[in-house]
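Colleague: Input: one structure, supplied below.
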Amino acid sequence: MRRLLLIFSIFTFTCSAQNLVPNPSFEYKTKCSNQYWRWLDVPDNWGGGGKEFESYATHYNICGLPKYKGVPVNKMGFQYPHSGNSYVGMTLYPHYIADYIQSKLCDTLKAGIKYHVSFYVSLANKSDYAINSIGAYLSKKKIRIEHENYDNEADLALCKPQIVNDPKRILEDTLNWMEISGEYTAMGGEIHLIIGNFNSDKLTQKELVNKLCKGDCEAYYYLDDVCISPVINGSYDCNCDNSNGCKCYLPVEKKPKYEIGKPVILNNILFEIGKSVLLPKSFEELDSLAQYLKQYSKLLIEISGHTDNTGTDKDNQLLSENRAKAVADYLIMKGIDKTRVSFKGYGSINPIVSNNTDEGKAKNRRVEIIIKL
């Protein structure tokens, strides 16, 4: 019988014909959001318009600084991403401290072509105000606004966004993501996208949601899943999923082949010492594995945990089971049906090398998977 061999790839920055926004769900970043200062960890392909450090948006990620830049819990409240592991957050009122974020598109917009433009926002739990004015501006040039020269009622308000929220609607939902969308017929040559509050403070309708706030009260929103897609025959394709954002990423790097029924060691799955808590360095490989399982939706996966011989047999057995379960839980959280995922711990009974050296013990502490039909 011919063996079935399946291959999966990870994705890197190359733009496709569907969504013209690079890194549209903010999944990719130069470094994890583990710093207090915003400009040190802006998501790739996004930024502000001024000096190098001027990116007026905070990047929240599942591997971010716990309770500050983490997901779903962070300094501004609690929210799961609309998709993937990340989103950004911005102060959008009042103007003298208001944020904005912008990106250079994958390609210029073509004159006379209609484009679907959309993004999702959610009011942060700790926001003082909810407002009615969040929009998107498409421009031929990058805008440049420096906060130290911010004119409170001008600058960003001079731009006329083509896509705006319904001004009669106060965006006050903290539980769900709210879509802001519309269609735009391009003038031709637009290649920069800016998202923010383009209304002056006088024109921004607001509602106080934090009754305890007095003095410097702000409106703060999360932002996720940005899309600009040409409308063809009445339809468009944002093409988003929960691991790689939209298809501004093409496969360029091959990962290990999965042969049906053959054990594969996941070399990049790491845990806290003596615990079953996954380290952030594990997420990339697990996200790729989840994507692979989504692509081949009829396949099953069996996860096995293994330890070295340090400690008691009972403790090793429990640790191996918990680590295998942690991997299974992560895949299920990423959208893999739990009926397709099984796990088991084997303690230290199946070493692949001798436990007589530290190097050997490190190799024996592992997670293996078997892909099954």
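As shown in the structure tokens, the chain order sets the letters A, B, ...; within each chain, residues go from 1, and ligands are also counted from 1 in the order they appear.
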What's around segment 68-75 of chain A at 7 Å? Count only C-alpha atoms, leave out sequence neighbours fewer than 6 positions away in its own chain, and write the answer as a list of chain:residue names.

Modeller: A:Ser33, A:His59, A:Tyr60, A:Asn61, A:Ile62

Colleague: Suppose we keep C-alpha atoms; can you now write the selection as a PDB file, in the first residue's frame?

Modeller:
ATOM      1  CA  SER A  33       5.147  42.341  23.380  1.00  0.00           C
ATOM      2  CA  HIS A  59       0.393  45.443  20.589  1.00  0.00           C
ATOM      3  CA  TYR A  60      -1.340  42.762  22.662  1.00  0.00           C
ATOM      4  CA  ASN A  61      -0.349  39.124  22.154  1.00  0.00           C
ATOM      5  CA  ILE A  62      -0.879  35.766  23.846  1.00  0.00           C
TER       6      ILE A  62
END

Colleague: Please, which residues of segment 60-143 of chain A, numbered as in this document, come out strand (DSSP E) from DSSP, as a PyMOL selection string?

Modeller: chain A and resi 60-61+73-74+77-78+86-93+100-104+114-123+129-131+135-139

Colleague: Just the residues within 10 Å of segment 354-366 of chain A, please, counting only C-alpha atoms, with nothing from its chain fewer than 4 positions along; format it as number ranges by chain.

Modeller: A: 265-271, 304-310, 320, 323-324, 347-350

Colleague: Measuring atom to atom with only C-alpha atoms, identify which of A:Asp287, A:Glu27, A:Glu321, A:Glu172 is nearest to Trp46 of chain A.

Modeller: A:Glu27

Colleague: Would you mind listing what lies within 8 Å of Val121 of chain A as a PyMOL selection string, with only C-alpha atoms counted and same-chain residues fewer than 6 positions away left out?

Modeller: chain A and resi 177-180+221-224

Colleague: If you measure from atom CA of Lys202 of chain A to atom CA of Leu175 of chain A, what distance in Å do you get, rounded to one decimal?

Modeller: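 Separation of atom CA of Lys202 of chain A and atom CA of Leu175 of chain A: 27.8 Å.
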
Colleague: Using Å and a single decimal, report how far atom CA of Gly64 of chain A sits from atom CA of Leu279 of chain A.

Modeller: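 Between atom CA of Leu279 of chain A and atom CA of Gly64 of chain A the gap is 11.4 Å.
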